[in-house]
>>> print(open('target34.tsv').read())   # TSV, C-alpha atoms
chain	number	residue	atom	x	y	z
A	1	MET	CA	102.22	17.53	-10.28
A	2	ARG	CA	98.91	15.71	-10.43
A	3	LEU	CA	95.80	17.86	-10.30
A	4	TYR	CA	92.92	16.35	-8.32
A	5	ARG	CA	89.53	16.86	-9.85
A	6	CYS	CA	86.96	18.52	-7.55
A	7	LEU	CA	83.54	16.85	-7.59
A	8	PRO	CA	80.36	18.79	-6.72
A	9	PHE	CA	78.22	17.87	-3.69
A	10	THR	CA	74.48	18.39	-4.07
A	11	GLY	CA	72.96	20.97	-1.75
A	12	LEU	CA	76.14	22.77	-0.73
A	13	LEU	CA	75.96	26.47	-1.44
A	14	LEU	CA	78.97	28.25	-2.92
A	15	LEU	CA	80.85	24.98	-3.23
A	16	SER	CA	82.88	26.16	-6.20
A	17	SER	CA	84.26	29.13	-4.29
A	18	LEU	CA	85.12	26.99	-1.25
A	19	LEU	CA	87.09	24.60	-3.41
A	20	ALA	CA	88.57	27.47	-5.38
A	21	GLY	CA	90.90	26.25	-8.06
A	22	CYS	CA	90.77	22.60	-6.91
A	23	ALA	CA	93.41	21.08	-4.66
A	24	THR	CA	96.90	20.50	-5.97
A	25	SER	CA	97.98	17.88	-3.43
A	26	VAL	CA	96.53	15.25	-1.13
A	27	ARG	CA	96.99	17.63	1.79
A	28	ASP	CA	95.26	20.46	-0.06
A	29	GLU	CA	92.39	18.19	-1.04
A	30	ALA	CA	91.90	17.09	2.57
A	31	ALA	CA	91.95	20.72	3.70
A	32	ALA	CA	89.38	21.61	1.05
A	33	ARG	CA	87.10	18.83	2.24
A	34	LEU	CA	87.39	20.10	5.81
A	35	ARG	CA	86.38	23.60	4.75
A	36	VAL	CA	83.33	22.33	2.89
A	37	ALA	CA	82.44	19.99	5.74
A	38	ALA	CA	82.38	22.94	8.16
A	39	VAL	CA	79.96	24.76	5.86
A	40	ALA	CA	77.80	21.64	5.63
A	41	GLU	CA	77.68	21.41	9.44
A	42	LYS	CA	76.61	25.03	9.80
A	43	SER	CA	73.86	24.57	7.23
A	44	GLY	CA	72.49	21.49	9.00
A	45	GLN	CA	73.73	18.90	6.51
A	46	GLY	CA	75.26	16.55	9.04
A	47	ASP	CA	75.40	13.50	6.76
A	48	VAL	CA	77.24	15.41	4.05
A	49	ALA	CA	79.65	16.87	6.60
A	50	LEU	CA	80.32	13.44	8.08
A	51	SER	CA	81.16	11.92	4.69
A	52	LEU	CA	83.54	14.78	3.96
A	53	TYR	CA	85.27	14.48	7.32
A	54	ALA	CA	85.61	10.72	6.73
A	55	ALA	CA	87.21	11.30	3.33
A	56	ALA	CA	89.60	13.92	4.73
A	57	ALA	CA	90.57	11.62	7.62
A	58	ALA	CA	91.26	8.76	5.23
A	59	GLN	CA	93.62	11.02	3.28
A	60	ALA	CA	95.44	12.33	6.37
A	61	LEU	CA	95.92	9.29	8.59
A	62	ASN	CA	98.92	10.80	10.37
A	63	ASP	CA	97.40	14.24	10.98
A	64	PRO	CA	95.92	14.33	14.52
A	65	GLU	CA	93.93	17.52	13.87
A	66	VAL	CA	92.16	16.03	10.84
A	67	GLN	CA	91.42	12.83	12.77
A	68	LEU	CA	90.06	14.92	15.64
A	69	ARG	CA	87.66	16.76	13.32
A	70	TYR	CA	86.22	13.45	12.14
A	71	VAL	CA	85.98	12.12	15.70
A	72	ARG	CA	84.02	15.18	16.82
A	73	ALA	CA	81.73	14.93	13.81
A	74	LEU	CA	80.95	11.32	14.74
A	75	GLN	CA	80.13	12.40	18.29
A	76	ALA	CA	77.92	15.23	17.02
A	77	ASN	CA	76.03	12.65	14.94
A	78	GLY	CA	75.43	10.40	17.94
A	79	GLN	CA	78.11	7.80	17.19
A	80	PRO	CA	80.34	7.77	20.31
A	81	VAL	CA	81.35	4.11	19.96
A	82	GLN	CA	82.55	4.68	16.39
A	83	ALA	CA	84.35	7.82	17.56
A	84	ALA	CA	86.12	5.87	20.30
A	85	GLY	CA	87.22	3.21	17.81
A	86	LEU	CA	88.56	5.84	15.43
A	87	LEU	CA	90.47	7.49	18.27
A	88	GLU	CA	92.10	4.18	19.19
A	89	GLU	CA	93.26	3.69	15.60
A	90	ALA	CA	94.47	7.28	15.33
A	91	LEU	CA	96.44	6.94	18.58
A	92	ARG	CA	98.12	3.75	17.33
A	93	ARG	CA	99.38	5.74	14.35
A	94	ASN	CA	100.13	8.90	16.37
A	95	PRO	CA	101.05	7.63	19.87
A	96	GLY	CA	102.59	10.93	20.98
A	97	SER	CA	99.57	13.11	20.24
A	98	ASP	CA	98.32	14.86	23.38
A	99	LEU	CA	95.49	16.24	21.22
A	100	LEU	CA	94.15	12.75	20.54
A	101	LEU	CA	94.79	11.53	24.09
A	102	THR	CA	92.89	14.48	25.58
A	103	GLU	CA	89.96	13.85	23.24
A	104	THR	CA	90.03	10.15	24.17
A	105	ALA	CA	89.77	11.12	27.83
A	106	ARG	CA	86.88	13.52	27.18
A	107	LEU	CA	84.99	10.91	25.21
A	108	ARG	CA	85.53	8.29	27.91
A	109	LEU	CA	84.10	10.73	30.46
A	110	ARG	CA	81.01	11.24	28.28
A	111	MET	CA	80.63	7.47	28.05
A	112	GLY	CA	80.83	7.13	31.84
A	113	GLN	CA	84.22	5.41	31.76
A	114	ALA	CA	85.98	7.43	34.45
A	115	GLU	CA	88.87	5.01	35.04
A	116	GLU	CA	89.77	4.97	31.34
A	117	ALA	CA	89.45	8.76	31.16
A	118	LEU	CA	91.73	9.18	34.18
A	119	ALA	CA	94.38	6.95	32.63
A	120	ALA	CA	94.35	8.97	29.40
A	121	TYR	CA	94.54	12.32	31.21
A	122	ARG	CA	97.48	11.07	33.26
A	123	GLN	CA	99.34	10.06	30.11
A	124	VAL	CA	98.99	13.65	28.90
A	125	LEU	CA	100.08	15.06	32.25
A	126	THR	CA	103.16	12.85	32.35
A	127	ARG	CA	104.45	14.78	29.34
A	128	ALA	CA	102.76	18.10	30.00
A	129	PRO	CA	102.13	18.55	33.76
A	130	ARG	CA	100.78	22.10	33.26
A	131	ASN	CA	98.18	21.12	30.66
A	132	ILE	CA	95.09	22.90	32.00
A	133	ALA	CA	92.52	20.89	30.04
A	134	ALA	CA	94.06	17.63	31.28
A	135	LEU	CA	94.24	18.84	34.90
A	136	ASN	CA	90.59	19.91	34.83
A	137	GLY	CA	89.56	16.66	33.16
A	138	GLN	CA	91.58	14.61	35.63
A	139	GLY	CA	89.70	16.32	38.45
A	140	ILE	CA	86.33	15.49	36.90
A	141	ALA	CA	87.32	11.84	36.46
A	142	LEU	CA	88.49	11.67	40.09
A	143	ASP	CA	85.22	13.21	41.29
A	144	LEU	CA	83.26	10.61	39.32
A	145	LEU	CA	85.31	7.99	41.14
A	146	ALA	CA	84.45	9.66	44.48
A	147	ARG	CA	88.11	10.61	45.02
A	148	HIS	CA	87.22	14.16	45.93
A	149	GLU	CA	90.36	15.22	47.82
A	150	GLU	CA	92.52	14.25	44.83
A	151	ALA	CA	90.08	15.96	42.47
A	152	GLN	CA	90.33	19.21	44.42
A	153	GLN	CA	94.12	19.06	44.28
A	154	SER	CA	93.86	18.83	40.49
A	155	TYR	CA	91.58	21.88	40.30
A	156	GLU	CA	93.89	23.76	42.67
A	157	ALA	CA	96.80	22.98	40.34
A	158	VAL	CA	94.86	24.64	37.52
A	159	GLN	CA	94.20	27.70	39.66
A	160	ALA	CA	97.89	27.90	40.60
A	161	ILE	CA	98.75	28.07	36.90
A	162	GLU	CA	95.78	30.21	35.87
A	163	PRO	CA	94.16	31.94	38.88
A	164	GLY	CA	91.22	33.25	36.87
A	165	ASN	CA	90.14	29.86	35.55
A	166	ILE	CA	86.40	29.84	36.28
A	167	ALA	CA	85.88	26.23	35.18
A	168	ALA	CA	88.41	24.95	37.73
A	169	ALA	CA	86.96	27.13	40.50
A	170	ASN	CA	83.44	25.92	39.71
A	171	ASN	CA	84.58	22.30	39.58
A	172	ARG	CA	86.43	22.64	42.88
A	173	ALA	CA	83.32	24.01	44.59
A	174	LEU	CA	81.19	21.22	43.10
A	175	SER	CA	83.71	18.67	44.32
A	176	MET	CA	83.41	20.05	47.86
A	177	LEU	CA	79.63	19.87	47.57
A	178	LEU	CA	79.82	16.22	46.50
A	179	GLN	CA	82.18	15.57	49.42
A	180	GLY	CA	79.60	16.89	51.86
A	181	LYS	CA	81.26	20.27	52.50
A	182	ALA	CA	78.22	22.32	51.49
A	183	ALA	CA	79.08	25.46	53.49
A	184	SER	CA	82.59	25.64	52.04
A	185	ALA	CA	81.20	25.03	48.55
A	186	ALA	CA	78.62	27.79	49.02
A	187	ALA	CA	81.36	30.23	50.06
A	188	LEU	CA	83.37	29.43	46.93
A	189	PHE	CA	80.32	29.77	44.69
A	190	ALA	CA	79.48	33.12	46.32
A	191	ALA	CA	82.82	34.46	45.11
A	192	LEU	CA	82.08	33.20	41.58
A	193	ASP	CA	78.41	34.21	41.38
A	194	ARG	CA	78.84	37.61	39.75
A	195	PRO	CA	76.82	39.42	37.08
A	196	GLY	CA	77.72	38.13	33.64
A	197	GLU	CA	78.86	34.68	34.75
A	198	ALA	CA	77.21	31.52	33.41
A	199	GLU	CA	73.75	30.62	34.69
A	200	ARG	CA	75.02	27.26	35.90
A	201	ILE	CA	77.20	29.04	38.49
A	202	ARG	CA	74.15	30.81	39.95
A	203	GLN	CA	72.31	27.49	40.06
A	204	ASN	CA	75.25	25.69	41.65
A	205	HIS	CA	75.51	28.47	44.24
A	206	GLU	CA	71.84	28.14	45.10
A	207	ILE	CA	72.09	24.35	45.37
A	208	ALA	CA	75.08	24.65	47.73
A	209	ARG	CA	73.17	27.17	49.86
A	210	LEU	CA	70.13	24.89	50.01
A	211	VAL	CA	72.22	21.85	50.93
A	212	SER	CA	73.90	23.84	53.70
A	213	GLY	CA	70.50	24.68	55.19
A	214	ASP	CA	69.15	27.86	53.55
A	215	ALA	CA	65.42	27.88	52.89
A	216	GLY	CA	63.54	28.97	49.78
A	217	GLY	CA	64.75	28.93	46.19
A	218	ASP	CA	63.65	27.13	43.04
A	219	PRO	CA	61.56	23.98	43.81
A	220	ASP	CA	63.53	21.89	41.29
A	221	LEU	CA	66.81	22.99	42.83
A	222	ARG	CA	65.43	22.27	46.31
A	223	ALA	CA	64.70	18.70	45.19
A	224	LEU	CA	68.22	18.31	43.84
A	225	ALA	CA	69.67	19.78	47.02
A	226	ALA	CA	67.66	17.32	49.10
A	227	ALA	CA	69.18	14.44	47.12
A	228	LEU	CA	72.68	15.75	47.89
A	229	ARG	CA	72.17	15.98	51.65
>>> encode(input="target34.tsv", output="structure tokens")
Amino acid sequence: MRLYRCLPFTGLLLLSSLLAGCATSVRDEAAARLRVAAVAEKSGQGDVALSLYAAAAAQALNDPEVQLRYVRALQANGQPVQAAGLLEEALRRNPGSDLLLTETARLRLRMGQAEEALAAYRQVLTRAPRNIAALNGQGIALDLLARHEEAQQSYEAVQAIEPGNIAAANNRALSMLLQGKAASAAALFAALDRPGEAERIRQNHEIARLVSGDAGGDPDLRALAAALR
């Protein structure tokens, strides 16, 4: 069996231990690069991490998880267009990967391409109708397209599968707020606004209250609430 030689990368601490023994196969070498890339990311060496992810992805063209790591590294380095192109290529090679389809949908949402995101989420849901990430994402895409009733049905489907899903409950309340149902949204946020929950839920609750007619509150949130009336 061929032994692949491990080459040092300047500036990476403990590189020799991370690549312990050198890889003994293409798959092992790609995995070793991923491990070192993760360390590079944590230490703030984004360029080094990106080059390692690229090398690993080139070695593992038919591994959706490796491709996904490179895609996310590109996004983290402010290269969404390149990430989208890589995802398209990866999906051509791995057309049945829900992992890559879901990431495609997320990226399209970030790029403001709600129609494309919705199409990708629906491909996932055709095969996996109880996929919570896809149902939540589908709802967000529908809200961006001002199809709020359909969006709320998608969030409700998540809650039927996983009643404690806070993200779906928050998104459903926001959807109602966008639809003009501020009082109903405020009631839903009130049930979510508990000690220990994310700050955004408290802020969303206050915005819904302000839109529905309550006085007071943060001036910035009052301005946002006024825009939603």
>>> residues_near_point(input="target34.tsv", point="(97.1, 21.8, 29.5)", cutoff="12 Å", atoms="all atoms listed in the file", output="ChimeraX atom specification")
/A:98-99,101-102,121-138,154,157-158,161-162
>>> residues_around(input="target34.tsv", residues="Gly139 in chain A", least_positions_apart="2", cutoff="9 Å", atoms="only C-alpha atoms", output="list of chain:residue names")
A:Leu118, A:Ala134, A:Leu135, A:Asn136, A:Gly137, A:Ala141, A:Leu142, A:Asp143, A:Leu144, A:Arg147, A:His148, A:Glu150, A:Ala151, A:Gln152, A:Gln153, A:Ser154, A:Tyr155, A:Ala168, A:Asn171, A:Arg172, A:Ser175
>>> closest_residue(input="target34.tsv", among="A:Ala167, A:Leu192, A:Ala40, A:Leu91", to="Pro64 in chain A", atoms="only C-alpha atoms")
A:Leu91
>>> atom_distance(input="target34.tsv", atom1="CA of Ala182 in chain A", atom2="CA of Ala160 in chain A")
23.2 Å
>>> atom_distance(input="target34.tsv", atom1="CA of Glu116 in chain A", atom2="CA of Pro163 in chain A")
28.3 Å
>>> axis_aligned_box(input="target34.tsv", around="range 85-97 of chain A", padding_each_side="4 Å", output="JSON")
{"center_x": 94.9, "center_y": 8.2, "center_z": 17.7, "size_x": 23.4, "size_y": 17.9, "size_z": 14.6}
>>> residues_around(input="target34.tsv", residues="Gln67 in chain A", least_positions_apart="6", cutoff="9 Å", atoms="only C-alpha atoms", output="ChimeraX atom specification")
/A:53-54,56-58,60-61,86-87,90,100
>>> residues_around(input="target34.tsv", residues="Leu50 in chain A", least_positions_apart="5", cutoff="12 Å", atoms="all atoms listed in the file", output="list in words")
Arg33, Leu34, Val36, Ala37, Ala38, Val39, Ala40, Glu41, Gly44, Gln45, Ala55, Ala56, Ala57, Arg69, Tyr70, Val71, Arg72, Ala73, Leu74, Gln75, Ala76, Asn77, Gly78, Gln79 and Ala83 of chain A
>>> closest_residue(input="target34.tsv", among="A:Leu68, A:Ala208, A:Ile140, A:Ala120", to="Ala173 in chain A", atoms="all atoms listed in the file")
A:Ala208
>>> atom_distance(input="target34.tsv", atom1="CA of Glu103 in chain A", atom2="CA of Ile201 in chain A")
25.0 Å
>>> closest_residue(input="target34.tsv", among="A:Asn62, A:Met176, A:Val48, A:Gly112", to="Pro95 in chain A", atoms="all atoms listed in the file")
A:Asn62
>>> closest_residue(input="target34.tsv", among="A:Ala32, A:Ile166, A:Leu52, A:Val211", to="Arg194 in chain A", atoms="all atoms listed in the file")
A:Ile166
>>> residues_around(input="target34.tsv", residues="Ala191 in chain A", least_positions_apart="2", cutoff="12 Å", atoms="all atoms listed in the file", output="PDB file with C-alpha atoms, in the frame of the given file")
ATOM      1  CA  GLY A 164      91.220  33.250  36.870  1.00  0.00           C
ATOM      2  CA  ILE A 166      86.400  29.840  36.280  1.00  0.00           C
ATOM      3  CA  ALA A 169      86.960  27.130  40.500  1.00  0.00           C
ATOM      4  CA  ASN A 170      83.440  25.920  39.710  1.00  0.00           C
ATOM      5  CA  ALA A 173      83.320  24.010  44.590  1.00  0.00           C
ATOM      6  CA  SER A 184      82.590  25.640  52.040  1.00  0.00           C
ATOM      7  CA  ALA A 185      81.200  25.030  48.550  1.00  0.00           C
ATOM      8  CA  ALA A 186      78.620  27.790  49.020  1.00  0.00           C
ATOM      9  CA  ALA A 187      81.360  30.230  50.060  1.00  0.00           C
ATOM     10  CA  LEU A 188      83.370  29.430  46.930  1.00  0.00           C
ATOM     11  CA  PHE A 189      80.320  29.770  44.690  1.00  0.00           C
ATOM     12  CA  ASP A 193      78.410  34.210  41.380  1.00  0.00           C
ATOM     13  CA  ARG A 194      78.840  37.610  39.750  1.00  0.00           C
ATOM     14  CA  PRO A 195      76.820  39.420  37.080  1.00  0.00           C
ATOM     15  CA  GLU A 197      78.860  34.680  34.750  1.00  0.00           C
ATOM     16  CA  ILE A 201      77.200  29.040  38.490  1.00  0.00           C
ATOM     17  CA  ARG A 202      74.150  30.810  39.950  1.00  0.00           C
ATOM     18  CA  HIS A 205      75.510  28.470  44.240  1.00  0.00           C
TER      19      HIS A 205
END
